[in-house]
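This is protein_0.txt (compact mmCIF, C-alpha atoms).
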# COMPACT_ATOMS: atom_id res chain seq x y z
CA MET A 16 0.00 0.00 0.00
CA GLY A 17 2.60 2.52 1.08
CA ALA A 18 2.14 5.98 2.49
CA THR A 19 3.25 9.52 1.80
CA PHE A 20 3.84 12.12 4.49
CA ASN A 21 2.79 15.74 4.69
CA ILE A 22 5.96 17.80 5.00
CA GLU A 23 3.93 21.04 5.28
CA GLU A 24 5.90 22.88 2.63
CA GLU A 25 4.05 26.21 2.81
CA ARG A 26 3.94 26.37 6.64
CA LEU A 27 7.65 25.64 6.81
CA ARG A 28 8.43 28.36 4.29
CA GLN A 29 6.28 30.91 6.11
CA GLU A 30 7.76 30.02 9.51
CA ILE A 31 11.28 30.59 8.22
CA LEU A 32 10.29 33.91 6.62
CA LYS A 33 8.47 35.03 9.78
CA ARG A 34 11.51 34.26 11.93
CA LYS A 35 13.88 35.87 9.39
CA ALA A 36 16.12 32.83 9.77
CA LYS A 37 19.35 32.82 7.81
CA LEU A 38 20.71 29.40 8.81
CA VAL A 39 18.41 26.43 9.44
CA LEU A 40 19.37 23.03 10.87
CA ILE A 41 17.10 20.25 9.55
CA GLN A 42 16.65 17.22 11.82
CA LEU A 43 14.94 14.07 10.51
CA PRO A 44 14.28 10.56 11.83
CA ASN A 45 15.59 7.81 9.57
CA GLY A 46 12.16 7.15 8.03
CA LEU A 47 12.00 10.72 6.71
CA LYS A 48 15.62 11.13 5.60
CA PRO A 49 14.63 10.22 2.01
CA LYS A 50 12.74 13.55 2.05
CA ALA A 51 15.87 15.50 3.05
CA LEU A 52 16.62 17.02 -0.35
CA GLU A 53 13.03 18.10 -0.86
CA ILE A 54 12.97 19.79 2.56
CA GLU A 55 16.37 21.35 1.91
CA SER A 56 14.96 22.93 -1.26
CA ILE A 57 12.00 24.39 0.68
CA VAL A 58 14.36 26.03 3.18
CA ARG A 59 16.45 27.47 0.34
CA SER A 60 13.34 28.84 -1.33
CA ALA A 61 12.62 30.78 1.89
CA GLY A 62 16.02 32.49 1.59
CA ALA A 63 17.83 30.55 4.33
CA LEU A 64 20.91 28.34 4.27
CA PRO A 65 19.88 24.75 5.12
CA ILE A 66 22.15 22.28 6.90
CA ILE A 67 20.92 18.69 7.22
CA SER A 68 21.80 16.78 10.37
CA ALA A 69 23.04 13.36 9.25
CA ASP A 70 22.99 11.96 12.81
CA PRO A 71 20.26 9.54 13.93
CA CYS A 72 17.19 11.13 15.52
CA TYR A 73 15.06 8.95 17.78
CA GLY A 74 12.47 11.39 19.05
CA ALA A 75 11.73 14.87 20.36
CA CYS A 76 13.98 13.96 23.32
CA ASP A 77 16.82 14.01 20.80
CA LEU A 78 16.80 17.67 19.73
CA ALA A 79 20.05 18.81 18.15
CA LEU A 80 20.44 21.80 20.49
CA ALA A 81 24.21 21.62 20.94
CA GLU A 82 24.69 21.14 17.22
CA ALA A 83 22.47 24.15 16.44
CA LYS A 84 24.45 26.28 18.87
CA SER A 85 27.76 25.13 17.41
CA LEU A 86 26.58 25.90 13.87
CA GLU A 87 25.03 29.20 14.99
CA ALA A 88 21.74 28.10 13.45
CA ASP A 89 18.80 30.48 13.83
CA VAL A 90 16.24 27.68 14.04
CA ILE A 91 15.93 23.89 14.15
CA VAL A 92 13.36 22.24 11.87
CA HIS A 93 12.47 19.00 13.62
CA TYR A 94 10.43 16.45 11.66
CA GLY A 95 8.33 13.50 12.74
CA HIS A 96 7.64 14.22 16.42
CA THR A 97 5.60 16.43 18.74
CA PRO A 98 7.19 18.77 21.32
CA MET A 99 8.46 17.04 24.44
CA LEU A 100 10.70 19.52 26.25
CA SER A 101 9.11 22.45 28.05
CA ARG A 102 12.10 24.75 27.65
CA VAL A 103 14.80 24.69 25.00
CA ASP A 104 17.68 27.02 24.18
CA ALA A 105 16.88 27.42 20.49
CA PRO A 106 13.79 28.13 18.36
CA VAL A 107 12.31 24.88 17.02
CA ILE A 108 9.78 24.36 14.23
CA TYR A 109 8.07 21.00 14.75
CA VAL A 110 6.59 19.32 11.68
CA GLU A 111 4.65 16.17 12.54
CA ALA A 112 4.73 14.68 9.02
CA ARG A 113 1.23 13.22 9.12
CA ALA A 114 0.69 10.22 6.86
CA LYS A 115 -1.53 10.53 3.82
CA VAL A 116 -2.91 7.03 3.37
CA ASP A 117 -6.19 5.10 3.20
CA VAL A 118 -6.34 2.91 6.32
CA LYS A 119 -9.59 1.01 5.61
CA GLU A 120 -7.98 -2.07 4.06
CA VAL A 121 -5.39 -2.59 6.79
CA ILE A 122 -7.95 -1.97 9.55
CA ALA A 123 -10.24 -4.59 7.99
CA GLU A 124 -7.33 -7.03 8.14
CA ALA A 125 -6.63 -6.07 11.77
CA LEU A 126 -10.26 -6.81 12.67
CA THR A 127 -9.77 -10.48 11.84
CA LEU A 128 -7.04 -10.61 14.53
CA LEU A 129 -9.37 -8.95 17.03
CA SER A 130 -12.31 -11.27 16.48
CA LYS A 131 -12.30 -12.51 20.10
CA SER A 132 -11.98 -9.02 21.59
CA SER A 133 -15.05 -6.82 22.00
CA ARG A 134 -13.50 -3.80 23.76
CA ILE A 135 -10.68 -2.22 21.77
CA GLY A 136 -8.22 0.44 22.90
CA LEU A 137 -7.21 2.57 19.93
CA LEU A 138 -3.68 4.01 19.69
CA ALA A 139 -1.37 5.58 17.10
CA THR A 140 1.96 7.27 16.60
CA VAL A 141 1.71 10.94 15.66
CA GLN A 142 1.91 10.21 11.92
CA TYR A 143 -1.44 8.39 12.14
CA VAL A 144 -3.41 10.19 14.88
CA ASN A 145 -5.38 11.96 12.16
CA ALA A 146 -6.85 8.56 11.23
CA LEU A 147 -8.15 7.71 14.71
CA ASP A 148 -11.66 9.14 14.22
CA GLU A 149 -12.12 7.23 10.96
CA VAL A 150 -10.80 4.00 12.48
CA LYS A 151 -12.99 4.41 15.56
CA GLU A 152 -16.09 4.75 13.35
CA PHE A 153 -15.03 1.69 11.37
CA LEU A 154 -14.65 -0.39 14.55
CA LEU A 155 -17.96 0.83 15.98
CA LYS A 156 -19.75 -0.27 12.81
CA ALA A 157 -18.11 -3.68 13.25
CA GLY A 158 -19.77 -3.95 16.65
CA LYS A 159 -16.73 -3.15 18.80
CA THR A 160 -16.62 -0.92 21.84
CA VAL A 161 -13.81 1.58 21.28
CA VAL A 162 -11.83 3.51 23.88
CA VAL A 163 -9.26 6.21 23.08
CA GLY A 164 -7.17 7.13 26.09
CA ASN A 165 -6.11 10.68 26.89
CA SER A 166 -3.97 10.93 30.01
CA GLY A 167 -3.12 14.56 29.24
CA ARG A 168 0.60 13.87 29.09
CA LEU A 169 0.86 13.85 25.30
CA PRO A 170 -0.49 16.36 22.77
CA TYR A 171 -3.10 13.99 21.29
CA GLY A 172 -5.52 11.45 22.68
CA GLY A 173 -4.48 7.94 21.65
CA GLN A 174 -0.92 9.01 20.87
CA VAL A 175 2.02 6.95 22.08
CA ILE A 176 5.73 7.64 21.92
CA GLY A 177 8.61 5.27 22.62
CA CYS A 178 8.90 6.17 26.31
CA ASP A 179 5.31 7.16 27.16
CA TYR A 180 2.43 4.70 27.00
CA SER A 181 0.18 6.59 29.42
CA ASN A 182 -2.64 6.80 26.87
CA ALA A 183 -2.61 2.99 26.84
CA THR A 184 -2.10 2.29 30.55
CA SER A 185 -4.82 4.79 31.51
CA ILE A 186 -7.47 2.66 29.76
CA SER A 187 -5.93 -0.79 30.11
CA GLN A 188 -8.58 -2.02 32.54
CA GLU A 189 -11.38 -0.91 30.21
CA VAL A 190 -10.32 -2.91 27.16
CA ASP A 191 -9.64 -6.48 26.05
CA ALA A 192 -7.01 -5.62 23.43
CA PHE A 193 -5.25 -2.73 21.71
CA LEU A 194 -5.11 -1.75 18.06
CA MET A 195 -1.95 0.22 17.35
CA ILE A 196 -1.72 2.19 14.07
CA CYS A 197 1.95 2.72 13.35
CA GLY A 198 4.90 1.79 11.21
CA GLY A 199 7.13 -0.94 12.65
CA ARG A 200 6.85 -3.07 15.78
CA PHE A 201 8.57 -1.24 18.62
CA HIS A 202 5.68 0.95 19.77
CA ALA A 203 3.26 -1.97 19.70
CA ILE A 204 5.64 -4.17 21.70
CA GLY A 205 5.85 -1.29 24.16
CA VAL A 206 2.05 -1.26 24.46
CA ARG A 207 2.06 -5.01 25.09
CA LEU A 208 4.76 -4.74 27.79
CA ALA A 209 3.18 -1.69 29.44
CA THR A 210 -0.35 -3.16 29.61
CA GLY A 211 -0.05 -6.93 29.30
CA LYS A 212 -2.91 -6.85 26.78
CA LEU A 213 -3.16 -8.44 23.33
CA THR A 214 -1.82 -5.89 20.84
CA VAL A 215 -2.39 -5.79 17.09
CA VAL A 216 -0.41 -3.59 14.71
CA ALA A 217 -2.12 -2.00 11.73
CA ASP A 218 0.73 -0.75 9.55
CA PRO A 219 -0.62 1.44 6.72
CA TYR A 220 2.89 1.91 5.34
CA GLU A 221 3.42 -1.82 4.77
CA GLY A 222 -0.30 -2.41 4.22
CA ARG A 223 -0.62 -5.29 6.68
CA ALA A 224 -1.78 -6.16 10.19
CA TYR A 225 -0.14 -8.55 12.65
CA LEU A 226 0.18 -9.56 16.31
CA VAL A 227 3.29 -8.82 18.40
CA GLU A 228 2.80 -11.58 20.98
CA GLY A 229 5.80 -13.57 19.77
CA GLU A 230 8.11 -10.56 19.80
CA ALA A 231 6.87 -9.50 23.23
CA ARG A 232 7.55 -12.97 24.66
CA ARG A 233 11.06 -12.92 23.22
CA VAL A 234 11.72 -9.50 24.75
CA LEU A 235 10.49 -10.69 28.15
CA LYS A 236 12.72 -13.78 28.02
CA GLN A 237 15.69 -11.63 27.07
CA ARG A 238 14.94 -9.14 29.86
CA TRP A 239 14.72 -11.94 32.43
CA ALA A 240 18.02 -13.37 31.20
CA SER A 241 19.71 -9.95 31.51
CA ILE A 242 18.35 -9.42 35.03
CA THR A 243 19.46 -12.90 36.09
CA GLU A 244 22.98 -12.29 34.78
CA ALA A 245 23.14 -8.89 36.50
CA LYS A 246 22.24 -10.38 39.89
CA GLY A 247 25.85 -11.47 40.24
CA ALA A 248 27.33 -8.12 39.18
CA GLU A 249 29.74 -6.44 41.58
CA VAL A 250 30.30 -3.29 39.52
CA PHE A 251 27.49 -1.43 37.73
CA GLY A 252 27.88 1.34 35.18
CA VAL A 253 24.97 3.78 35.63
CA ILE A 254 24.37 5.60 32.36
CA ILE A 255 23.36 9.29 32.34
CA GLY A 256 22.08 10.41 28.95
CA LEU A 257 23.35 13.72 27.60
CA LYS A 258 20.58 14.20 25.04
CA PRO A 259 18.24 17.04 26.11
CA GLY A 260 15.18 14.90 26.85
CA GLN A 261 17.06 11.89 28.21
CA MET A 262 19.11 13.45 31.01
CA ARG A 263 17.78 12.03 34.30
CA ILE A 264 20.53 12.79 36.77
CA LYS A 265 18.34 12.41 39.87
CA ARG A 266 17.23 8.97 38.75
CA ALA A 267 20.83 7.94 38.04
CA LEU A 268 21.98 9.15 41.46
CA GLU A 269 19.16 7.26 43.17
CA VAL A 270 20.07 4.07 41.28
CA LYS A 271 23.70 4.56 42.34
CA ARG A 272 22.62 4.92 45.97
CA ARG A 273 20.51 1.76 45.83
CA ILE A 274 23.37 -0.22 44.32
CA GLU A 275 25.87 0.98 46.92
CA GLU A 276 23.46 0.17 49.77
CA LYS A 277 23.72 -3.44 48.60
CA GLY A 278 27.49 -3.35 48.95
CA ARG A 279 28.12 -3.14 45.19
CA ARG A 280 30.06 -0.49 43.32
CA ALA A 281 28.35 1.99 40.97
CA VAL A 282 30.18 4.11 38.40
CA LEU A 283 28.41 7.02 36.68
CA LEU A 284 28.87 7.24 32.91
CA ALA A 285 27.70 10.30 30.95
CA VAL A 286 27.15 9.64 27.27
CA LYS A 287 25.27 11.13 24.36
CA GLU A 288 25.05 8.08 22.10
CA VAL A 289 24.92 4.71 23.87
CA THR A 290 26.52 2.07 21.64
CA PRO A 291 27.83 -1.47 22.23
CA GLU A 292 31.24 -0.39 20.96
CA GLY A 293 31.39 2.52 23.40
CA LEU A 294 30.39 0.51 26.48
CA GLU A 295 32.68 -2.38 25.55
CA GLN A 296 35.70 -0.16 26.28
CA PHE A 297 34.89 -0.11 30.02
CA GLN A 298 36.46 -3.29 31.33
CA GLY A 299 35.67 -4.23 34.92
CA ILE A 300 32.03 -3.17 34.71
CA ASP A 301 29.79 -6.25 34.96
CA ALA A 302 26.43 -4.69 34.03
CA PHE A 303 24.97 -1.35 33.02
CA VAL A 304 21.87 0.50 34.18
CA ASN A 305 20.27 2.65 31.50
CA THR A 306 18.45 5.77 32.76
CA THR A 307 18.07 7.21 29.25
CA CYS A 308 15.76 5.90 26.49
CA PRO A 309 14.14 2.55 27.42
CA ARG A 310 14.45 1.45 23.81
CA LEU A 311 18.16 0.80 24.37
CA SER A 312 17.35 -1.93 26.88
CA LEU A 313 14.27 -3.37 25.21
CA ASP A 314 14.98 -3.15 21.50
CA ASP A 315 18.76 -3.04 21.25
CA ALA A 316 19.80 -5.32 24.15
CA PRO A 317 20.93 -8.24 21.93
CA ARG A 318 23.62 -5.95 20.50
CA PHE A 319 25.27 -5.50 23.92
CA ARG A 320 27.58 -8.18 25.35
CA ARG A 321 26.82 -7.27 28.97
CA PRO A 322 23.40 -6.67 30.59
CA ILE A 323 21.97 -3.20 30.07
CA LEU A 324 19.06 -2.86 32.52
CA THR A 325 16.38 -0.24 32.98
CA ALA A 326 16.16 1.40 36.41
CA ASN A 327 13.36 -0.88 37.59
CA GLU A 328 15.09 -3.96 36.22
CA ALA A 329 18.08 -2.98 38.36
CA LEU A 330 15.79 -3.06 41.39
CA VAL A 331 14.77 -6.61 40.46
CA ALA A 332 18.42 -7.63 40.11
CA LEU A 333 19.15 -6.10 43.54
CA GLY A 334 16.23 -7.94 45.13
CA GLU A 335 14.22 -4.78 45.86
CA MET A 336 11.41 -5.50 43.38
CA LYS A 337 9.87 -8.77 42.25
CA TRP A 338 9.77 -9.71 38.58
CA GLU A 339 6.00 -10.16 38.87
CA GLU A 340 5.69 -6.60 40.18
CA LEU A 341 7.68 -5.28 37.22
CA LEU A 342 5.36 -7.16 34.87
CA SER A 343 2.18 -5.96 36.54
CA LYS A 344 3.25 -2.31 36.52
CA GLY A 345 4.65 -2.28 33.00
CA GLY A 346 7.62 -0.71 34.73
CA TRP A 347 9.94 -0.48 31.75
CA PHE A 348 8.64 2.96 30.82
CA GLU A 349 7.88 4.76 34.08
CA SER A 350 10.48 4.35 36.77
CA GLU A 351 9.21 3.69 40.27
CA ILE A 352 12.46 5.06 41.69

Just dump the structure as structure tokens.
Amino acid sequence: MGATFNIEEERLRQEILKRKAKLVLIQLPNGLKPKALEIESIVRSAGALPIISADPCYGACDLALAEAKSLEADVIVHYGHTPMLSRVDAPVIYVEARAKVDVKEVIAEALTLLSKSSRIGLLATVQYVNALDEVKEFLLKAGKTVVVGNSGRLPYGGQVIGCDYSNATSISQEVDAFLMICGGRFHAIGVRLATGKLTVVADPYEGRAYLVEGEARRVLKQRWASITEAKGAEVFGVIIGLKPGQMRIKRALEVKRRIEEKGRRAVLLAVKEVTPEGLEQFQGIDAFVNTTCPRLSLDDAPRFRRPILTANEALVALGEMKWEELLSKGGWFESEI
């Protein structure tokens, strides 16, 4: 089926003209990097010098603020996400890049996977929140009860991001299953881990629907294996993220305190980009605790040779939280520390 994305050409041009920007830093997630040259041309047409950030961009937590300052950019154009940080040191133009796609066919396919569920929680990433009303109507006509959560923590009802599933957890007790409209599997696996409920992906980009139960079970097995290995760790590396929306120093210091109370050693590591190659250099550290993006522990863990735990997983390894408690709270995304 495929999908195209609204890059809001005229709004972007007018925003640049209004701000009288002379140098613009363009920041794109990988899925939108194929649009880079088109967006660069729009910025040029507004009379500004465009510079494209070639670094990865994983979310609105990953704003290129230091890079903009170094380049003396007048504004950052940040594609594919909604605002996350309350205060930033540079002007930012957010462009959500809403998908332009007919979802009826893929939702009809998803319905076959939800045949045993009568109460459906409806969720989407920001690219597809514009389709939620249409999908809700479609499900209601199919005889389903539909609930769209709105915890107030995200800009849109039903929206999820990689570290915030509050719009799912807030309605988890009201539904039998979730229908997640998104591209890729990570967000849907996050819904499954955060709620424990059956989760179906409707991917308009690929034009197919599927369950994530198998992937979720594999993640849980891998997480248990990492926690079990870390139980014997004597030295922990506690990671402090240096990206603007991932810096949780208080959480890292609390984790360090908990580790040291158990007679173990904790070393604080500040890093912008967490990579297996970077952590591998630190010999003598038995396990790492990740206080930055939970995706590193849940999605990328197989790439790391040593355990890389979330804050709550560290509590399980230290014997301060039970595995069953972690499961029941969906505690990979909201630290109880």

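Atom pair CA of Val162 (chain A) / CA of Leu313 (chain A) has a distance of 27.0 Å (rounded to one decimal).
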
Polymer residues at most 9 Å from region 83-100 of chain A, only C-alpha atoms, same-chain spacing of 3 or more positions, as a PyMOL selection string = chain A and resi 22+27+31+34-44+46-47+66+74-76+78-80+103-113+140-142+169-170+176+259-260

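For the choices A:Glu120, A:Glu335, A:Glu340, A:Asp191, the atom-to-atom distance to Ile274 (chain A) is smallest for A:Glu335 when using all atoms listed in the file.
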
inquiry  = At a cut-off of 7 Å, using all atoms listed in the file, what residues contact Pro71 (chain A)? Leave out same-chain residues fewer than 2 positions from it and give the result as a ChimeraX atom specification.
reply    = /A:44-45,69,73

Selection to disk with C-alpha atoms, as a short mmCIF file (atom, residue, chain, number, x, y, z; two decimals), keeping the file's coordinate frame:
data_model
loop_
_atom_site.label_atom_id
_atom_site.label_comp_id
_atom_site.auth_asym_id
_atom_site.auth_seq_id
_atom_site.Cartn_x
_atom_site.Cartn_y
_atom_site.Cartn_z
CA PRO A 44 14.28 10.56 11.83
CA ASN A 45 15.59 7.81 9.57
CA ALA A 69 23.04 13.36 9.25
CA TYR A 73 15.06 8.95 17.78
#

Scan for residues within 8 Å of the point (-1.4, -4.7, 29.0) in the coordinates of the file, using all atoms listed in the file, and reply as a compact mmCIF listing (two decimals) with C-alpha atoms, in the coordinates of the input.
# COMPACT_ATOMS: atom_id res chain seq x y z
CA THR A 184 -2.10 2.29 30.55
CA SER A 187 -5.93 -0.79 30.11
CA ALA A 192 -7.01 -5.62 23.43
CA VAL A 206 2.05 -1.26 24.46
CA ARG A 207 2.06 -5.01 25.09
CA LEU A 208 4.76 -4.74 27.79
CA ALA A 209 3.18 -1.69 29.44
CA THR A 210 -0.35 -3.16 29.61
CA GLY A 211 -0.05 -6.93 29.30
CA LYS A 212 -2.91 -6.85 26.78
CA LEU A 213 -3.16 -8.44 23.33
CA GLY A 345 4.65 -2.28 33.00

request  = Would you kindly return, as number ranges by chain, each protein, DNA or RNA residue with an atom no farther than 8 Å from any atom of Lys119 (chain A), considering only C-alpha atoms and excluding same-chain residues fewer than 4 positions away?
outcome  = A: 123, 150, 153

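Nearest to Ile255 (chain A) of all the residues A:Ala231, A:Val161, A:Leu52, A:Val282 is A:Val282, based on all atoms listed in the file.
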
ask   = Rounded to one decimal in Å, what is the spacing between CA of Lys246 (chain A) and CA of Met336 (chain A)?
value = 12.4 Å

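Using all atoms listed in the file, the shortest contact distance between Met262 (chain A) and any of A:Arg320, A:Asp77, A:Ser60, A:Ser166 is found at A:Asp77.
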
ask   = What does the distance between CA of Trp239 (chain A) and CA of Gly299 (chain A) come to in Å, to one decimal place?
value = 22.5 Å

message = So that I can check the surroundings of Glu152 (chain A), please list as a VMD selection string every protein, DNA and RNA residue that reaches within 12 Å of it, counting all atoms listed in the file and ignoring chain neighbours fewer than 4 positions away.
response = chain A and resid 119 122 137 146 to 148 156 to 163

remark   = From the list A:Pro322, A:Gly164, A:Pro219, A:Gly252, the nearest residue to Arg238 (chain A) using all atoms listed in the file is A:Pro322

note = In terms of all atoms listed in the file, the residue from A:Ala125, A:Glu249, A:Gly256, A:Gly177 at minimal distance from Leu194 (chain A) is A:Ala125
